[in-house]
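Content type PDB, C-alpha atoms, pLDDT in the B column, from the file upload.pdb:
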ATOM      1  CA  MET A   1       8.673 -41.633  11.996  1.00 57.00           C
ATOM      2  CA  ARG A   2       9.742 -39.704   8.918  1.00 57.00           C
ATOM      3  CA  LYS A   3       6.324 -38.012   8.661  1.00 53.00           C
ATOM      4  CA  ILE A   4       6.568 -36.891  12.281  1.00 53.00           C
ATOM      5  CA  LEU A   5      10.002 -35.366  11.666  1.00 48.00           C
ATOM      6  CA  ILE A   6       8.696 -33.531   8.612  1.00 57.00           C
ATOM      7  CA  VAL A   7       5.715 -32.170  10.559  1.00 48.00           C
ATOM      8  CA  ILE A   8       7.963 -31.056  13.424  1.00 58.00           C
ATOM      9  CA  SER A   9      10.409 -29.434  10.984  1.00 58.00           C
ATOM     10  CA  VAL A  10       7.633 -27.527   9.234  1.00 56.00           C
ATOM     11  CA  PHE A  11       6.198 -26.445  12.591  1.00 55.00           C
ATOM     12  CA  LEU A  12       9.583 -25.179  13.838  1.00 52.00           C
ATOM     13  CA  TYR A  13      10.223 -23.362  10.572  1.00 57.00           C
ATOM     14  CA  ALA A  14       6.814 -21.657  10.770  1.00 53.00           C
ATOM     15  CA  LEU A  15       7.368 -20.797  14.425  1.00 49.00           C
ATOM     16  CA  LYS A  16      10.717 -19.225  13.599  1.00 51.00           C
ATOM     17  CA  GLY A  17       9.092 -17.002  10.974  1.00 49.00           C
ATOM     18  CA  VAL A  18       6.393 -15.836  13.399  1.00 46.00           C
ATOM     19  CA  SER A  19       8.764 -15.140  16.254  1.00 43.00           C
ATOM     20  CA  GLN A  20      11.326 -13.154  14.260  1.00 53.00           C
ATOM     21  CA  GLU A  21      12.119  -9.971  16.108  1.00 67.00           C
ATOM     22  CA  ILE A  22      11.038  -6.693  14.540  1.00 71.00           C
ATOM     23  CA  ASP A  23      13.485  -3.796  14.705  1.00 77.00           C
ATOM     24  CA  ARG A  24      12.755  -1.429  17.611  1.00 77.00           C
ATOM     25  CA  SER A  25      12.565   1.603  15.337  1.00 76.00           C
ATOM     26  CA  VAL A  26       9.920  -0.140  13.209  1.00 81.00           C
ATOM     27  CA  LYS A  27       7.873  -1.000  16.311  1.00 84.00           C
ATOM     28  CA  TYR A  28       8.160   2.598  17.467  1.00 84.00           C
ATOM     29  CA  GLU A  29       7.051   3.908  14.076  1.00 86.00           C
ATOM     30  CA  MET A  30       4.059   1.564  14.007  1.00 89.00           C
ATOM     31  CA  LYS A  31       2.956   2.703  17.475  1.00 90.00           C
ATOM     32  CA  ILE A  32       3.229   6.372  16.501  1.00 89.00           C
ATOM     33  CA  LEU A  33       1.295   5.935  13.254  1.00 91.00           C
ATOM     34  CA  GLU A  34      -1.391   3.790  14.890  1.00 92.00           C
ATOM     35  CA  LYS A  35      -1.939   6.307  17.709  1.00 92.00           C
ATOM     36  CA  LEU A  36      -2.007   9.217  15.288  1.00 92.00           C
ATOM     37  CA  VAL A  37      -4.585   7.580  13.010  1.00 92.00           C
ATOM     38  CA  THR A  38      -6.839   6.441  15.862  1.00 93.00           C
ATOM     39  CA  ASP A  39      -6.690   9.896  17.499  1.00 92.00           C
ATOM     40  CA  ILE A  40      -7.523  11.652  14.229  1.00 91.00           C
ATOM     41  CA  THR A  41     -10.305   9.321  13.103  1.00 91.00           C
ATOM     42  CA  GLY A  42     -11.689   8.526  16.537  1.00 90.00           C
ATOM     43  CA  LYS A  43     -12.111   4.919  15.422  1.00 90.00           C
ATOM     44  CA  ARG A  44     -10.709   1.864  17.135  1.00 91.00           C
ATOM     45  CA  TYR A  45     -10.088   0.034  13.845  1.00 93.00           C
ATOM     46  CA  PRO A  46      -9.542   2.734  11.206  1.00 93.00           C
ATOM     47  CA  ARG A  47      -9.411   1.847   7.521  1.00 94.00           C
ATOM     48  CA  VAL A  48      -6.307   3.258   5.839  1.00 93.00           C
ATOM     49  CA  TYR A  49      -5.505   3.600   2.149  1.00 93.00           C
ATOM     50  CA  PHE A  50      -1.793   3.266   1.292  1.00 92.00           C
ATOM     51  CA  ASP A  51      -0.411   4.998  -1.805  1.00 91.00           C
ATOM     52  CA  GLY A  52       3.252   4.457  -2.651  1.00 89.00           C
ATOM     53  CA  VAL A  53       3.996   2.763   0.677  1.00 88.00           C
ATOM     54  CA  SER A  54       6.053  -0.433   0.476  1.00 88.00           C
ATOM     55  CA  ARG A  55       4.199  -3.715   0.728  1.00 90.00           C
ATOM     56  CA  GLN A  56       6.400  -4.749   3.658  1.00 90.00           C
ATOM     57  CA  LYS A  57       5.473  -1.657   5.688  1.00 88.00           C
ATOM     58  CA  VAL A  58       1.773  -2.118   4.905  1.00 88.00           C
ATOM     59  CA  THR A  59       1.948  -5.767   5.970  1.00 89.00           C
ATOM     60  CA  LEU A  60       3.615  -4.857   9.268  1.00 88.00           C
ATOM     61  CA  LEU A  61       1.126  -2.080  10.015  1.00 88.00           C
ATOM     62  CA  VAL A  62      -1.840  -4.317   9.296  1.00 88.00           C
ATOM     63  CA  ARG A  63      -0.419  -7.273  11.203  1.00 88.00           C
ATOM     64  CA  PHE A  64       0.802  -5.531  14.358  1.00 89.00           C
ATOM     65  CA  THR A  65      -1.629  -2.623  14.774  1.00 90.00           C
ATOM     66  CA  THR A  66      -5.374  -2.027  14.732  1.00 91.00           C
ATOM     67  CA  ILE A  67      -5.125  -0.407  11.277  1.00 91.00           C
ATOM     68  CA  LYS A  68      -7.130  -2.133   8.555  1.00 93.00           C
ATOM     69  CA  PRO A  69      -6.270  -1.704   4.863  1.00 91.00           C
ATOM     70  CA  ALA A  70      -8.743  -0.060   2.493  1.00 90.00           C
ATOM     71  CA  GLN A  71      -8.644  -1.136  -1.152  1.00 91.00           C
ATOM     72  CA  ASP A  72     -10.324   2.078  -2.306  1.00 89.00           C
ATOM     73  CA  ILE A  73      -9.563   5.621  -1.149  1.00 89.00           C
ATOM     74  CA  GLN A  74     -13.304   6.358  -1.002  1.00 91.00           C
ATOM     75  CA  LYS A  75     -13.788   3.666   1.669  1.00 91.00           C
ATOM     76  CA  ALA A  76     -10.796   4.791   3.723  1.00 92.00           C
ATOM     77  CA  ASP A  77     -10.873   6.837   6.917  1.00 92.00           C
ATOM     78  CA  PHE A  78      -7.273   7.942   6.440  1.00 93.00           C
ATOM     79  CA  VAL A  79      -4.485   7.921   3.816  1.00 93.00           C
ATOM     80  CA  PHE A  80      -0.714   7.377   3.944  1.00 93.00           C
ATOM     81  CA  ILE A  81       1.350   8.493   0.944  1.00 93.00           C
ATOM     82  CA  LYS A  82       5.001   8.077   0.067  1.00 92.00           C
ATOM     83  CA  ASN A  83       7.221   8.746  -2.979  1.00 91.00           C
ATOM     84  CA  LYS A  84       4.753  11.160  -4.611  1.00 88.00           C
ATOM     85  CA  THR A  85       6.576  13.182  -7.252  1.00 88.00           C
ATOM     86  CA  SER A  86       3.429  14.582  -8.848  1.00 88.00           C
ATOM     87  CA  LYS A  87       0.552  16.564  -7.381  1.00 90.00           C
ATOM     88  CA  PHE A  88      -1.660  14.604  -4.975  1.00 87.00           C
ATOM     89  CA  ASN A  89      -5.135  15.870  -4.063  1.00 85.00           C
ATOM     90  CA  ALA A  90      -6.049  14.665  -0.599  1.00 81.00           C
ATOM     91  CA  ILE A  91      -9.765  14.037  -0.237  1.00 87.00           C
ATOM     92  CA  LYS A  92      -9.295  12.322   3.120  1.00 90.00           C
ATOM     93  CA  PRO A  93      -6.973  13.196   6.004  1.00 92.00           C
ATOM     94  CA  THR A  94      -3.535  12.311   4.628  1.00 93.00           C
ATOM     95  CA  ILE A  95      -0.086  11.966   6.168  1.00 93.00           C
ATOM     96  CA  ALA A  96       3.007  12.013   3.967  1.00 92.00           C
ATOM     97  CA  LEU A  97       5.699   9.531   5.001  1.00 92.00           C
ATOM     98  CA  ASP A  98       8.483  11.551   3.354  1.00 90.00           C
ATOM     99  CA  PHE A  99       9.261  15.194   2.670  1.00 89.00           C
ATOM    100  CA  VAL A 100       9.098  14.823  -1.132  1.00 89.00           C
ATOM    101  CA  SER A 101       5.460  13.748  -0.900  1.00 88.00           C
ATOM    102  CA  VAL A 102       4.447  16.540   1.456  1.00 87.00           C
ATOM    103  CA  LYS A 103       5.641  19.134  -1.062  1.00 87.00           C
ATOM    104  CA  ASN A 104       3.322  17.600  -3.663  1.00 88.00           C
ATOM    105  CA  CYS A 105       0.305  17.288  -1.363  1.00 87.00           C
ATOM    106  CA  SER A 106      -1.230  20.678  -0.635  1.00 85.00           C
ATOM    107  CA  LEU A 107      -3.878  19.240   1.712  1.00 87.00           C
ATOM    108  CA  CYS A 108      -1.741  16.774   3.670  1.00 91.00           C
ATOM    109  CA  ILE A 109      -2.373  17.262   7.368  1.00 93.00           C
ATOM    110  CA  GLY A 110       1.241  16.469   8.159  1.00 92.00           C
ATOM    111  CA  VAL A 111       4.405  14.508   7.617  1.00 92.00           C
ATOM    112  CA  PHE A 112       6.029  11.660   9.510  1.00 92.00           C
ATOM    113  CA  SER A 113       9.565  10.744   8.545  1.00 89.00           C
ATOM    114  CA  TRP A 114      12.980   9.842   9.910  1.00 87.00           C
ATOM    115  CA  ARG A 115      16.036  12.098   9.932  1.00 87.00           C
ATOM    116  CA  ASN A 116      19.374  11.066  11.425  1.00 86.00           C
ATOM    117  CA  GLY A 117      17.772   8.062  13.119  1.00 82.00           C
ATOM    118  CA  ARG A 118      15.085  10.144  14.829  1.00 86.00           C
ATOM    119  CA  PRO A 119      11.368  10.315  14.068  1.00 88.00           C
ATOM    120  CA  ILE A 120       9.944  13.641  12.918  1.00 90.00           C
ATOM    121  CA  LEU A 121       6.234  14.385  13.182  1.00 92.00           C
ATOM    122  CA  ILE A 122       4.927  17.713  11.930  1.00 93.00           C
ATOM    123  CA  LEU A 123       1.212  18.464  11.708  1.00 94.00           C
ATOM    124  CA  PHE A 124      -0.046  21.449   9.707  1.00 93.00           C
ATOM    125  CA  ARG A 125      -2.421  23.771  11.554  1.00 92.00           C
ATOM    126  CA  GLU A 126      -4.137  25.058   8.401  1.00 92.00           C
ATOM    127  CA  ASN A 127      -4.923  21.621   6.991  1.00 91.00           C
ATOM    128  CA  LEU A 128      -6.066  20.227  10.337  1.00 92.00           C
ATOM    129  CA  GLN A 129      -8.583  23.065  10.403  1.00 92.00           C
ATOM    130  CA  LYS A 130      -9.704  22.348   6.807  1.00 92.00           C
ATOM    131  CA  PHE A 131     -10.569  18.764   7.808  1.00 91.00           C
ATOM    132  CA  ASN A 132     -12.070  19.911  11.154  1.00 92.00           C
ATOM    133  CA  ILE A 133      -9.627  17.748  13.107  1.00 91.00           C
ATOM    134  CA  ILE A 134      -9.230  18.498  16.782  1.00 91.00           C
ATOM    135  CA  LEU A 135      -6.393  16.604  18.425  1.00 90.00           C
ATOM    136  CA  PRO A 136      -5.650  16.020  22.117  1.00 91.00           C
ATOM    137  CA  LYS A 137      -3.377  18.576  23.787  1.00 92.00           C
ATOM    138  CA  GLU A 138      -0.438  16.146  23.685  1.00 92.00           C
ATOM    139  CA  TYR A 139      -0.054  16.963  19.966  1.00 91.00           C
ATOM    140  CA  LYS A 140       0.353  20.717  20.539  1.00 91.00           C
ATOM    141  CA  TYR A 141       4.153  20.464  20.282  1.00 92.00           C
ATOM    142  CA  TYR A 142       3.930  18.930  16.782  1.00 91.00           C
ATOM    143  CA  ILE A 143       1.540  21.456  15.218  1.00 90.00           C
ATOM    144  CA  GLU A 144       3.155  24.087  12.991  1.00 90.00           C
ATOM    145  CA  SER A 145       2.149  26.327  10.139  1.00 85.00           C
ATOM    146  CA  LYS A 146       2.770  24.672   6.778  1.00 77.00           C
ATOM    147  CA  LYS A 147       4.283  27.819   5.288  1.00 74.00           C
ATOM    148  CA  TYR A 148       7.272  27.539   7.626  1.00 68.00           C
ATOM    149  CA  ILE A 149       7.921  23.887   6.774  1.00 65.00           C
ATOM    150  CA  VAL A 150       7.213  23.572   3.065  1.00 62.00           C
ATOM    151  CA  GLY A 151       7.757  27.186   2.018  1.00 55.00           C
ATOM    152  CA  LYS A 152       5.766  29.459  -0.225  1.00 46.00           C
ATOM    153  CA  LYS A 153       4.406  28.033  -3.429  1.00 45.00           C
TER     154      LYS A 153
END
Take the structure I supplied and represent it as structure tokens, if you would.
Amino acid sequence: MRKILIVISVFLYALKGVSQEIDRSVKYEMKILEKLVTDITGKRYPRVYFDGVSRQKVTLLVRFTTIKPAQDIQKADFVFIKNKTSKFNAIKPTIALDFVSVKNCSLCIGVFSWRNGRPILILFRENLQKFNIILPKEYKYYIESKKYIVGKK
């Protein structure tokens, strides 16, 4: 009887951990990033390299989206960067997840961040062209010139 109670307790504890509710803003962010990466790469299960992104965010993206982690940037289809305070040379299509990183990444194709509780997506026309990325028309609203966002260097 005691073994059965232990098994049931462990099962309920594990079930509670799986069923914990994810914040709506986090779900929304994951959907946006997943759609963006799949539209840019054209792949159903794109491999993404994460640089400076928290382990928790990476775990959520991998667990609840079709994004697969890449251990090496050379094997990645796409790159996410965050907290980059030094120059970053993007050799793959790269999105900065904060405005500090985008200033240090001259070839980032855009930035996705949050300001005042609202998501901000800005894609840079010049860098999209450098990587020969053609996006669906629904992204037209988010495409800007990088010189207006980041400023002159």
* Structure fact -> The residue from A:Val26, A:Val100, A:Ala90, A:Cys105 with the smallest atom-to-atom distance to Thr65 of chain A, counting all atoms listed in the file, is A:Val26
* Residues picked by the PyMOL selection byres ((chain A and resi 117-126) around 8) here, as a ChimeraX atom specification? -> /A:29,108-116,127-130,142-146
Would you mind exporting C-alpha atoms of the selected residues as a PDB file, in the coordinates of the input?
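Final file, out39.pdb:
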ATOM      1  CA  GLU A  29       7.051   3.908  14.076  1.00 86.00           C
ATOM      2  CA  CYS A 108      -1.741  16.774   3.670  1.00 91.00           C
ATOM      3  CA  ILE A 109      -2.373  17.262   7.368  1.00 93.00           C
ATOM      4  CA  GLY A 110       1.241  16.469   8.159  1.00 92.00           C
ATOM      5  CA  VAL A 111       4.405  14.508   7.617  1.00 92.00           C
ATOM      6  CA  PHE A 112       6.029  11.660   9.510  1.00 92.00           C
ATOM      7  CA  SER A 113       9.565  10.744   8.545  1.00 89.00           C
ATOM      8  CA  TRP A 114      12.980   9.842   9.910  1.00 87.00           C
ATOM      9  CA  ARG A 115      16.036  12.098   9.932  1.00 87.00           C
ATOM     10  CA  ASN A 116      19.374  11.066  11.425  1.00 86.00           C
ATOM     11  CA  ASN A 127      -4.923  21.621   6.991  1.00 91.00           C
ATOM     12  CA  LEU A 128      -6.066  20.227  10.337  1.00 92.00           C
ATOM     13  CA  GLN A 129      -8.583  23.065  10.403  1.00 92.00           C
ATOM     14  CA  LYS A 130      -9.704  22.348   6.807  1.00 92.00           C
ATOM     15  CA  TYR A 142       3.930  18.930  16.782  1.00 91.00           C
ATOM     16  CA  ILE A 143       1.540  21.456  15.218  1.00 90.00           C
ATOM     17  CA  GLU A 144       3.155  24.087  12.991  1.00 90.00           C
ATOM     18  CA  SER A 145       2.149  26.327  10.139  1.00 85.00           C
ATOM     19  CA  LYS A 146       2.770  24.672   6.778  1.00 77.00           C
TER      20      LYS A 146
END
Written as a short mmCIF file (atom, residue, chain, number, x, y, z; two decimals) with C-alpha atoms, in the coordinates of the input, which residues does the PyMOL selection byres ((chain A and resi 89) around 8) give for the file shown?
data_model
loop_
_atom_site.label_atom_id
_atom_site.label_comp_id
_atom_site.auth_asym_id
_atom_site.auth_seq_id
_atom_site.Cartn_x
_atom_site.Cartn_y
_atom_site.Cartn_z
CA LYS A 87 0.55 16.56 -7.38
CA PHE A 88 -1.66 14.60 -4.97
CA ALA A 90 -6.05 14.66 -0.60
CA ILE A 91 -9.76 14.04 -0.24
CA CYS A 105 0.30 17.29 -1.36
CA SER A 106 -1.23 20.68 -0.64
CA LEU A 107 -3.88 19.24 1.71
#
* For the file shown, report as a PyMOL selection string the outcome of the PyMOL selection byres ((chain A and resi 32-41) around 10) at residue level. => chain A and resi 26-31+42-48+61-62+64-67+77-80+93-95+112+119+121+128+132-136+139
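One finds atom CA of Val58 of chain A at 15.5 Å from atom CA of Ser25 of chain A.
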* To do: For atom CA of Ser54 of chain A and atom CA of Asn104 of chain A, quote the distance in Å rounded to one decimal.
  =>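 These atoms are spaced 18.7 Å apart.
Taking all atoms listed in the file, the non-local environment of Thr85 of chain A within 12 Å (same-chain residues fewer than 6 positions away omitted) comprises A:Gly52, A:Ala96, A:Asp98, A:Phe99, A:Val100, A:Ser101, A:Val102, A:Lys103, A:Asn104, A:Cys105.
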* To do: Using atom CA of Asp72 of chain A and atom CA of Lys57 of chain A as the two end points, give the distance in Å to one decimal.
  => 18.1 Å
